[in-house]
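A.B. asks: model-v6.txt is reproduced below (compact mmCIF, C-alpha atoms).
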# COMPACT_ATOMS: atom_id res chain seq x y z
CA MET A 808 0.00 0.00 0.00
CA ASP A 809 2.85 2.36 0.91
CA GLY A 810 4.52 1.46 -2.36
CA HIS A 811 1.41 2.44 -4.34
CA LYS A 812 1.10 5.70 -2.42
CA ARG A 813 4.72 6.51 -2.98
CA GLN A 814 4.38 5.67 -6.67
CA GLY A 815 1.41 7.99 -6.93
CA MET A 816 3.35 10.77 -5.29
CA ILE A 817 6.21 10.29 -7.68
CA ASP A 818 3.84 10.39 -10.66
CA GLU A 819 2.23 13.56 -9.35
CA ALA A 820 5.60 15.16 -8.74
CA LEU A 821 6.72 14.24 -12.21
CA GLU A 822 3.57 15.69 -13.74
CA ARG A 823 4.02 18.87 -11.74
CA GLU A 824 7.61 19.14 -12.88
CA ILE A 825 6.64 18.64 -16.52
CA GLU A 826 3.78 21.12 -16.31
CA ALA A 827 6.07 23.65 -14.67
CA ALA A 828 8.68 23.10 -17.36
CA LEU A 829 6.08 23.57 -20.08
CA GLY A 830 4.22 26.39 -18.36
CA VAL A 831 6.09 29.06 -20.26
CA ASP A 832 4.08 31.82 -21.89
CA PRO A 833 5.05 33.64 -25.06
CA SER A 834 6.09 37.28 -24.88
CA PRO A 835 3.35 39.94 -25.22
CA GLU A 836 4.62 40.83 -28.69
CA PHE A 837 4.13 37.29 -29.92
CA LEU A 838 0.42 37.50 -30.81
CA PRO A 839 0.61 40.87 -32.63
CA ARG A 840 3.59 39.59 -34.58
CA VAL A 841 1.74 36.44 -35.60
CA ARG A 842 -1.29 38.53 -36.59
CA ALA A 843 0.87 40.77 -38.75
CA ARG A 844 2.42 37.77 -40.41
CA VAL A 845 -0.96 36.16 -41.00
CA ALA A 846 -2.28 39.43 -42.46
CA SER A 847 0.59 39.48 -44.93
CA GLU A 848 -0.17 35.86 -45.82
CA GLN A 849 -3.81 36.75 -46.41
CA MET A 850 -2.78 39.61 -48.68
CA HIS A 851 -0.64 37.16 -50.56
CA ARG A 852 -3.64 34.86 -50.88
CA GLY A 853 -5.71 37.79 -52.16
CA TRP A 854 -3.10 38.36 -54.81
CA HIS A 855 -3.51 34.73 -55.76
CA TRP A 856 -7.24 35.33 -56.21
CA SER A 857 -6.58 38.28 -58.47
CA THR A 858 -4.13 36.16 -60.45
CA GLY A 859 -6.90 33.64 -60.92
CA TRP A 860 -9.21 36.33 -62.18
CA ARG A 861 -6.47 37.60 -64.44
CA TRP A 862 -6.13 34.15 -65.96
CA ALA A 863 -9.89 33.96 -66.39
CA GLY A 864 -9.75 37.30 -68.25
CA VAL A 865 -6.98 36.06 -70.52
CA ALA A 866 -8.96 32.89 -71.23
CA ALA A 867 -12.04 34.96 -72.09
CA VAL A 868 -10.03 37.15 -74.50
CA VAL A 869 -8.48 34.09 -76.16
CA THR A 870 -11.93 32.53 -76.58
CA ALA A 871 -13.29 35.74 -78.10
CA VAL A 872 -10.37 35.90 -80.56
CA ALA A 873 -10.89 32.23 -81.49
CA VAL A 874 -14.61 32.80 -82.12
CA PHE A 875 -13.82 35.87 -84.23
CA ALA A 876 -11.22 33.91 -86.22
CA VAL A 877 -13.64 31.06 -86.90
CA TRP A 878 -16.29 33.55 -87.99
CA THR A 879 -13.86 35.31 -90.31
CA LEU A 880 -12.67 32.04 -91.84
CA ARG A 881 -16.26 31.08 -92.54
CA ASP A 882 -16.74 34.37 -94.37
CA LEU A 883 -13.55 33.82 -96.35
CA SER A 884 -14.66 30.36 -97.41
CA ARG A 885 -17.73 32.03 -98.95
CA ALA A 886 -15.71 34.76 -100.63
CA PRO A 887 -14.43 32.77 -103.71
CA ARG A 888 -18.02 32.11 -104.79
CA GLU A 889 -18.68 35.82 -104.79
CA ALA A 890 -15.49 36.33 -106.77
CA HIS A 891 -16.91 34.11 -109.56
CA ILE A 892 -19.83 36.40 -109.95
CA THR A 893 -17.67 39.49 -109.77
CA ASP A 894 -15.15 38.46 -112.33
CA THR A 895 -17.74 37.55 -114.91
CA LEU A 896 -19.35 40.95 -114.72
CA PRO A 897 -17.27 42.85 -117.29
CA VAL A 898 -17.80 40.13 -119.89
CA ASP A 899 -19.70 41.96 -122.53
CA SER A 900 -18.85 41.10 -126.11
CA ALA A 901 -20.60 44.17 -127.48
CA THR A 902 -18.51 46.69 -125.59
CA PRO A 903 -14.73 46.47 -125.64
CA PRO A 904 -12.83 47.39 -122.49
CA ALA A 905 -12.11 51.06 -122.00
CA GLU A 906 -8.39 50.53 -121.26
CA PRO A 907 -6.84 47.80 -123.38
CA ALA A 908 -3.60 47.90 -121.37
CA LEU A 909 -5.35 46.48 -118.33
CA PRO A 910 -5.23 42.71 -117.93
CA ALA A 911 -8.30 40.87 -119.02
CA PRO A 912 -10.80 40.21 -116.27
CA ALA A 913 -10.76 36.76 -114.85
CA LEU A 914 -13.13 34.36 -116.45
CA VAL A 915 -14.37 31.34 -114.64
CA ALA A 916 -15.16 28.01 -116.11
CA SER A 917 -18.00 26.48 -114.22
CA SER A 918 -18.41 23.35 -116.30
CA ALA A 919 -17.98 19.93 -114.75
CA GLU A 920 -14.86 19.09 -116.81
CA SER A 921 -12.84 21.94 -115.39
CA PRO A 922 -13.61 22.61 -111.76
CA ARG A 923 -10.50 24.73 -111.18
CA PRO A 924 -11.33 28.40 -111.52
CA VAL A 925 -9.13 30.61 -113.64
CA THR A 926 -8.61 33.89 -111.86
CA ALA A 927 -6.52 36.91 -112.61
CA PRO A 928 -4.93 39.00 -109.87
CA VAL A 929 -7.28 41.82 -109.04
CA ALA A 930 -6.71 44.64 -106.59
CA ARG A 931 -8.50 44.04 -103.30
CA THR A 932 -10.35 47.34 -103.26
CA VAL A 933 -11.65 46.82 -106.77
CA ARG A 934 -12.71 43.33 -105.92
CA SER A 935 -14.67 44.42 -102.89
CA THR A 936 -16.47 47.09 -104.91
CA ARG A 937 -17.27 44.64 -107.66
CA THR A 938 -18.43 42.12 -105.13
CA GLN A 939 -20.95 44.63 -103.88
CA LEU A 940 -22.15 45.23 -107.44
CA ALA A 941 -22.29 41.55 -108.22
CA ALA A 942 -24.44 40.83 -105.23
CA ALA A 943 -27.31 42.58 -107.00
CA ARG A 944 -26.95 40.65 -110.33
CA PRO A 945 -27.56 37.00 -111.15
CA GLU A 946 -24.65 34.62 -111.51
CA VAL A 947 -23.38 34.09 -115.07
CA LEU A 948 -21.85 30.73 -115.88
CA ILE A 949 -19.44 30.46 -118.82
CA SER A 950 -17.78 27.27 -120.01
CA ARG A 951 -14.01 27.04 -120.16
CA ASP A 952 -13.88 27.06 -123.98
CA GLU A 953 -16.07 30.10 -124.19
CA ALA A 954 -13.97 31.83 -121.58
CA VAL A 955 -10.79 31.14 -123.56
CA ALA A 956 -12.38 32.30 -126.78
CA LEU A 957 -13.65 35.45 -125.16
CA ARG A 958 -10.26 36.17 -123.65
CA GLN A 959 -8.61 35.75 -127.06
CA LEU A 960 -11.19 38.03 -128.64
CA ILE A 961 -10.60 40.72 -126.04
CA ALA A 962 -6.85 40.40 -126.49
CA ALA A 963 -7.27 40.70 -130.27
CA ILE A 964 -9.42 43.79 -129.89
CA ALA A 965 -6.85 45.23 -127.53
CA ALA A 966 -4.10 44.58 -130.09
CA ARG A 967 -6.24 46.18 -132.84
CA GLN A 968 -6.25 42.92 -134.78
CA VAL A 969 -10.00 42.84 -134.73
CA GLU A 970 -12.36 45.76 -134.98
CA ALA A 971 -15.23 45.81 -132.60
CA ARG A 972 -17.68 46.53 -135.47
CA ASP A 973 -16.65 43.26 -137.15
CA ILE A 974 -18.11 41.30 -134.30
CA PRO A 975 -21.62 40.18 -135.22
CA GLN A 976 -24.50 41.16 -133.00
CA LEU A 977 -25.30 38.69 -130.27
CA GLY A 978 -27.99 36.32 -131.40
CA ALA A 979 -27.62 37.32 -135.05
CA GLU A 980 -25.41 34.37 -135.91
CA SER A 981 -27.92 31.87 -134.56
CA ALA A 982 -30.24 30.58 -137.29
CA PRO A 983 -33.91 31.57 -137.07
CA LEU A 984 -36.06 28.87 -135.60
CA PRO A 985 -38.58 27.24 -138.02
CA ARG A 986 -42.12 28.26 -137.48
CA MET A 987 -44.01 25.75 -135.45
CA GLU A 988 -47.24 24.41 -136.89
CA GLU A 989 -50.26 24.09 -134.69
CA ILE A 990 -50.92 20.53 -133.55
CA VAL A 991 -54.50 19.48 -134.12
CA LEU A 992 -55.80 16.46 -132.26
CA GLU A 993 -58.80 14.51 -133.63
CA PRO A 994 -61.64 13.96 -131.16
CA ILE A 995 -61.61 10.52 -129.52
CA LYS A 996 -64.60 8.27 -130.09
CA LEU A 997 -65.60 5.72 -127.44
CA SER A 998 -67.26 2.46 -128.74
CA PRO A 999 -67.67 -1.04 -127.19
CA LEU A 1000 -65.35 -3.81 -128.37
CA ASP A 1001 -66.83 -6.40 -130.74
CA GLY A 1002 -65.75 -9.57 -128.85
CA LEU A 1003 -67.11 -8.39 -125.55
CA ALA A 1004 -70.52 -7.27 -126.83
CA GLY A 1005 -72.30 -10.68 -126.25
CA GLU A 1006 -71.18 -11.13 -122.61
CA MET B 975 -24.50 38.38 -67.23
CA HIS B 976 -22.73 41.34 -65.60
CA GLU B 977 -24.95 41.15 -62.51
CA HIS B 978 -24.28 37.45 -62.24
CA ALA B 979 -20.50 38.04 -62.36
CA GLU B 980 -20.80 40.78 -59.71
CA ARG B 981 -22.81 38.46 -57.47
CA LEU B 982 -20.20 35.74 -57.93
CA VAL B 983 -17.33 38.08 -57.05
CA GLY B 984 -19.30 39.39 -54.07
CA SER B 985 -19.89 35.90 -52.72
CA LEU B 986 -16.20 35.03 -53.18
CA VAL B 987 -15.12 38.13 -51.25
CA THR B 988 -17.61 37.35 -48.48
CA ALA B 989 -16.35 33.77 -48.25
CA ASP B 990 -12.79 35.10 -48.04
CA ARG B 991 -13.69 37.47 -45.19
CA GLU B 992 -15.46 34.69 -43.30
CA LEU B 993 -12.41 32.52 -43.69
CA GLU B 994 -10.21 35.30 -42.31
CA ARG B 995 -12.50 35.81 -39.31
CA GLU B 996 -12.56 32.11 -38.58
CA PHE B 997 -8.81 31.88 -38.79
CA GLU B 998 -8.40 34.85 -36.48
CA ALA B 999 -10.61 33.14 -33.90
CA ARG B 1000 -8.58 29.96 -34.10
CA LEU B 1001 -5.34 31.89 -33.91
CA ALA B 1002 -6.38 33.55 -30.66
CA ASP B 1003 -7.48 30.18 -29.32
CA SER B 1004 -4.40 28.17 -30.25
CA SER B 1005 -1.45 30.55 -30.16
CA ARG B 1006 -0.31 29.47 -26.70
CA LEU B 1007 -0.62 25.78 -27.60
CA ALA B 1008 1.55 26.24 -30.69
CA PHE B 1009 4.11 28.20 -28.74
CA ARG B 1010 4.35 25.59 -25.97
CA VAL B 1011 4.64 22.70 -28.41
CA ALA B 1012 7.51 24.52 -30.10
CA PHE B 1013 9.03 25.42 -26.74
CA SER B 1014 8.95 21.78 -25.60
CA VAL B 1015 11.30 20.97 -28.46
CA LEU B 1016 13.46 24.07 -28.67
CA ARG B 1017 13.51 25.30 -25.06
CA LYS B 1018 14.22 28.82 -26.23
CA ARG B 1019 11.46 31.39 -26.16
CA GLU B 1020 12.60 33.30 -29.25
CA ASP B 1021 13.03 30.17 -31.33
CA ALA B 1022 9.69 28.81 -30.14
CA GLU B 1023 7.94 32.06 -31.07
CA ASP B 1024 9.52 32.05 -34.51
CA VAL B 1025 8.47 28.46 -35.13
CA ALA B 1026 4.93 29.02 -33.86
CA GLN B 1027 4.64 32.07 -36.08
CA GLU B 1028 5.85 30.07 -39.05
CA ALA B 1029 3.33 27.33 -38.25
CA PHE B 1030 0.48 29.87 -38.21
CA ALA B 1031 1.63 31.34 -41.52
CA LYS B 1032 1.66 27.89 -43.03
CA ALA B 1033 -1.74 27.11 -41.54
CA CYS B 1034 -3.12 30.35 -42.97
CA ARG B 1035 -1.91 29.45 -46.44
CA SER B 1036 -3.68 26.09 -46.34
CA PHE B 1037 -6.63 26.94 -44.10
CA ASN B 1038 -9.15 26.92 -46.95
CA GLN B 1039 -8.06 23.38 -47.82
CA LEU B 1040 -8.79 22.09 -44.32
CA ARG B 1041 -12.13 20.30 -44.68
CA ASP B 1042 -12.82 19.61 -41.00
CA ARG B 1043 -12.13 22.89 -39.23
CA THR B 1044 -12.68 21.29 -35.83
CA ARG B 1045 -9.41 19.46 -36.37
CA PHE B 1046 -7.47 22.71 -36.63
CA ARG B 1047 -5.67 22.32 -33.29
CA ALA B 1048 -4.49 18.81 -34.11
CA TRP B 1049 -3.33 19.99 -37.51
CA LEU B 1050 -1.51 22.94 -35.96
CA VAL B 1051 0.17 20.77 -33.31
CA ARG B 1052 1.54 18.39 -35.95
CA MET B 1053 2.79 21.23 -38.10
CA THR B 1054 4.41 23.04 -35.17
CA TRP B 1055 6.01 19.86 -33.92
CA ARG B 1056 7.55 19.12 -37.33
CA LEU B 1057 8.76 22.69 -37.79
CA ALA B 1058 10.24 22.72 -34.30
CA LEU B 1059 12.13 19.49 -34.93
CA ASP B 1060 13.46 20.94 -38.18
CA ARG B 1061 14.59 24.08 -36.36
CA GLN B 1062 16.20 21.99 -33.62
CA ARG B 1063 18.20 20.04 -36.17
CA ALA B 1064 19.26 23.26 -37.87
CA ASN B 1065 20.29 24.75 -34.51
CA ARG B 1066 22.35 21.69 -33.68
CA ARG B 1067 24.13 21.82 -37.01
CA ARG B 1068 24.88 25.49 -36.46
CA SER B 1069 26.13 24.83 -32.90
CA ALA B 1070 28.38 22.06 -34.15
CA ARG B 1071 29.85 24.43 -36.73
CA GLU B 1072 30.42 27.11 -34.11
CA LEU B 1073 32.02 24.66 -31.69
CA SER B 1074 34.37 23.47 -34.37
CA VAL B 1075 35.50 27.08 -34.80
CA GLY B 1076 36.55 26.93 -31.13
CA ASP B 1077 37.12 30.25 -29.37
CA GLY B 1078 33.53 31.33 -28.82
CA ALA B 1079 32.51 28.09 -27.14
CA ALA B 1080 35.13 28.34 -24.41
CA ASP B 1081 34.07 31.93 -23.71
CA ARG B 1082 30.47 30.85 -23.39
CA VAL B 1083 31.34 28.13 -20.86
CA VAL B 1084 33.14 30.68 -18.68
CA GLU B 1085 30.20 33.06 -19.01
CA VAL B 1086 27.71 30.39 -17.95
CA GLY B 1087 29.89 29.46 -14.99
CA LEU B 1088 30.07 33.06 -13.79
CA GLN B 1089 26.32 33.46 -14.15
CA ALA B 1090 25.75 30.28 -12.14
CA ARG B 1091 27.95 31.62 -9.31
CA LEU B 1092 25.90 34.81 -9.25
CA ASP B 1093 22.56 32.96 -8.92
CA THR B 1094 21.27 31.73 -5.60
CA ALA B 1095 21.57 28.06 -4.70
CA ASP B 1096 17.82 27.44 -5.08
CA VAL B 1097 17.69 28.90 -8.55
CA VAL B 1098 20.67 26.85 -9.58
CA ALA B 1099 19.05 23.70 -8.21
CA ALA B 1100 15.80 24.43 -10.03
CA ARG B 1101 17.66 25.02 -13.26
CA GLU B 1102 19.52 21.78 -12.85
CA ARG B 1103 16.33 19.87 -12.23
CA ALA B 1104 14.68 21.45 -15.26
CA ALA B 1105 17.70 20.66 -17.40
CA HIS B 1106 17.64 17.03 -16.27
CA LEU B 1107 13.92 16.80 -16.92
CA TRP B 1108 14.27 18.24 -20.39
CA ASN B 1109 17.14 15.92 -21.20
CA ALA B 1110 15.06 12.98 -20.04
CA ILE B 1111 12.06 14.09 -22.14
CA GLU B 1112 14.26 14.64 -25.13
CA SER B 1113 15.71 11.16 -24.86
CA LEU B 1114 12.24 9.62 -25.20
CA PRO B 1115 11.12 8.17 -28.54
CA GLU B 1116 9.25 10.77 -30.57
CA LYS B 1117 5.79 9.26 -30.10
CA LEU B 1118 6.14 9.03 -26.32
CA ARG B 1119 7.69 12.47 -26.16
CA LEU B 1120 4.79 14.13 -27.96
CA VAL B 1121 2.25 12.45 -25.68
CA VAL B 1122 4.11 13.60 -22.55
CA VAL B 1123 4.38 17.15 -23.86
CA LEU B 1124 0.73 17.41 -24.90
CA ALA B 1125 -0.44 15.91 -21.62
CA GLY B 1126 1.71 18.43 -19.78
CA ILE B 1127 0.39 21.45 -21.71
CA GLU B 1128 -2.66 23.27 -20.35
CA GLY B 1129 -3.74 20.21 -18.38
CA HIS B 1130 -4.91 18.22 -21.41
CA ASP B 1131 -6.64 14.97 -20.45
CA MET B 1132 -6.41 11.67 -22.34
CA HIS B 1133 -9.39 12.49 -24.51
CA GLU B 1134 -7.95 15.83 -25.61
CA VAL B 1135 -4.53 14.35 -26.29
CA SER B 1136 -6.06 11.55 -28.35
CA ALA B 1137 -8.00 14.17 -30.36
CA LEU B 1138 -4.86 16.24 -30.90
CA LEU B 1139 -2.84 13.24 -32.05
CA ASP B 1140 -5.68 11.54 -33.89
CA VAL B 1141 -5.02 8.23 -32.14
CA PRO B 1142 -7.30 6.15 -29.86
CA GLU B 1143 -7.44 7.02 -26.18
CA GLY B 1144 -6.11 3.58 -25.23
CA THR B 1145 -3.00 4.23 -27.30
CA VAL B 1146 -2.47 7.57 -25.59
CA LYS B 1147 -2.87 5.91 -22.19
CA SER B 1148 -0.33 3.18 -22.92
CA ARG B 1149 2.14 5.65 -24.46
CA LEU B 1150 1.83 7.95 -21.47
CA PHE B 1151 2.38 5.04 -19.09
CA LEU B 1152 5.50 3.94 -20.97
CA ALA B 1153 6.81 7.50 -21.16
CA ARG B 1154 6.39 8.10 -17.43
CA LYS B 1155 8.07 4.81 -16.65
CA GLN B 1156 11.09 5.71 -18.74
CA LEU B 1157 11.21 9.22 -17.30
CA LYS B 1158 11.14 7.89 -13.74
CA GLU B 1159 13.99 5.56 -14.51
CA ARG B 1160 16.05 8.40 -15.89
CA LEU B 1161 15.13 10.81 -13.13
CA SER B 1162 15.60 8.52 -10.15
CA TRP B 1163 17.28 11.29 -8.13
CA MET B 1164 14.07 13.34 -8.34
CA ALA B 1165 12.07 10.41 -6.99
CA THR B 1166 14.51 10.11 -4.13
CA SER B 1167 14.06 13.76 -3.27
CA VAL B 1168 10.28 13.35 -3.27
CA ARG B 1169 10.59 10.29 -0.98
CA GLY B 1170 12.82 12.31 1.34
Would it be possible to restate this file's structure as structure tokens?

C.D. replies:
Amino acid sequence: MDGHKRQGMIDEALEREIEAALGVDPSPEFLPRVRARVASEQMHRGWHWSTGWRWAGVAAVVTAVAVFAVWTLRDLSRAPREAHITDTLPVDSATPPAEPALPAPALVASSAESPRPVTAPVARTVRSTRTQLAAARPEVLISRDEAVALRQLIAAIAARQVEARDIPQLGAESAPLPRMEEIVLEPIKLSPLDGLAGE
Amino acid sequence: MHEHAERLVGSLVTADRELEREFEARLADSSRLAFRVAFSVLRKREDAEDVAQEAFAKACRSFNQLRDRTRFRAWLVRMTWRLALDRQRANRRRSARELSVGDGAADRVVEVGLQARLDTADVVAARERAAHLWNAIESLPEKLRLVVVLAGIEGHDMHEVSALLDVPEGTVKSRLFLARKQLKERLSWMATSVRG
């Protein structure tokens, strides 16, 4: 019994010693210093937030640019079709070009045998103006052979090898169509068949 | 769209403020605990304050990632303990370097001796006892050492220590028993003085 009591006393003494050894308080400046440090950490974290928002802004701008680029590319993919219309506009066999020195306007072959368009370099500003004009007129399709012939004709006119008055009027060279006679149909008579009359 | 974004930003700022307030409350509640845990390892007030401060800074950085906020004290204790051990190792390396240089160490020994002569006998005895106790605690295995320290801080009972260490109460009890046994063996002269 004495042994137990003594053991208990020793344990208590040991605990007291340990508690006394650990019973040290921090200096009064400790807490304000920690608060200041924590405040600086929180500011740092705030900066992190703003960095996140900055990244979100960059991502939004990149997305907007990508959407704009896709939209523009779609428009460009439509542009060649408009160019077909545009470049066929000046094709008028009756009126020679005002300035022969200028290159002949591009002529497009739209036939199935030759899908590749033949285009001449045209200034961008002119093209855009012509495109606006062409939008109001119907599309004119010319076969490749006709386009080549027309180009040669224009070149010949430009070189004064051919006079414009020598060119026959459009439609004049085609032969007149024969007059169509009126089709007269005889009236149809309905009568019973001989073999079926007795039945 | 703009209103929605404003509301989102507003809620984020509010959440941030709430987090700050909550952390401030926990800081006021646990600052002494962190300091004492650090002090139990380092035994120097300045070092312990530095380490506790560092632990709070670290805790602040990761506070929003702590899912169960009720476990903050346990989390803080572990962090402080680790940081204090790191600091202790660094201090020892530095001391070893300084001792190898030579002159300063001898001067310090003389200084300490003079100081001891100036102190009263009781103070010297108390210091000696404390030094022995600390040496004995330090010689314990890390797991036993932490249990002894936490049980000795602010009168924590078994339940609180088990919550701080995230181990069952039975484990804490057995570790504490083992630790006390080893301490008594190493501090037999203190037991003798109690018996006397």

A.B. asks: Counting all atoms listed in the file, a student should be able to say which residues of chain B come within 9 Å of chain A; what is the right answer, written as a ChimeraX atom specification?

C.D. replies: /B:990,994,998,1001-1002,1005-1006,1009-1011,1013-1014,1019-1020,1022-1024,1026-1028,1030-1032,1034-1035,1103-1104,1107-1108,1122-1123,1125-1129,1154,1157-1158,1164-1165,1168-1169

A.B. asks: Just the number, please: distance in Å from CA of Asp952 in chain A to CA of Arg972 in chain A, one decimal.

C.D. replies: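 Those two atoms sit 22.9 Å apart.
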
A.B. asks: So the first atom is CA of Arg1063 in chain B and the second is CA of Val1121 in chain B; what is the distance between them in Å, to one decimal place?

C.D. replies: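 Interatomic distance, CA of Arg1063 in chain B to CA of Val1121 in chain B: 20.5 Å.
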
A.B. asks: Rounded to one decimal, what separation in Å do you get between CA of Glu1112 in chain B and CA of Ser1074 in chain B?

C.D. replies: 23.8 Å

A.B. asks: Excluding Met1132 in chain B and any residue of its chain fewer than 5 positions from it, enumerate the residues within 10 Å of it, using only C-alpha atoms, and give them as a list in words.

C.D. replies: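 Here the answer would be Val1121, Leu1124, Ala1125, Ala1137, Leu1138, Pro1142, Glu1143, Gly1144, Thr1145, Val1146, Lys1147 and Leu1150 of chain B.
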
A.B. asks: Could you turn the residues from that selection into a file that holds C-alpha atoms, as a compact mmCIF listing (two decimals), in the frame of the given file?

C.D. replies:
# COMPACT_ATOMS: atom_id res chain seq x y z
CA VAL B 1121 2.25 12.45 -25.68
CA LEU B 1124 0.73 17.41 -24.90
CA ALA B 1125 -0.44 15.91 -21.62
CA ALA B 1137 -8.00 14.17 -30.36
CA LEU B 1138 -4.86 16.24 -30.90
CA PRO B 1142 -7.30 6.15 -29.86
CA GLU B 1143 -7.44 7.02 -26.18
CA GLY B 1144 -6.11 3.58 -25.23
CA THR B 1145 -3.00 4.23 -27.30
CA VAL B 1146 -2.47 7.57 -25.59
CA LYS B 1147 -2.87 5.91 -22.19
CA LEU B 1150 1.83 7.95 -21.47

A.B. asks: Given the choices B:Leu1120, B:Leu993, B:Leu1073, B:Leu1059, which gets closest to Val1135 in chain B if the distance is worked out from only C-alpha atoms?

C.D. replies: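 Ranked by minimum distance to Val1135 in chain B, first place goes to B:Leu1120.
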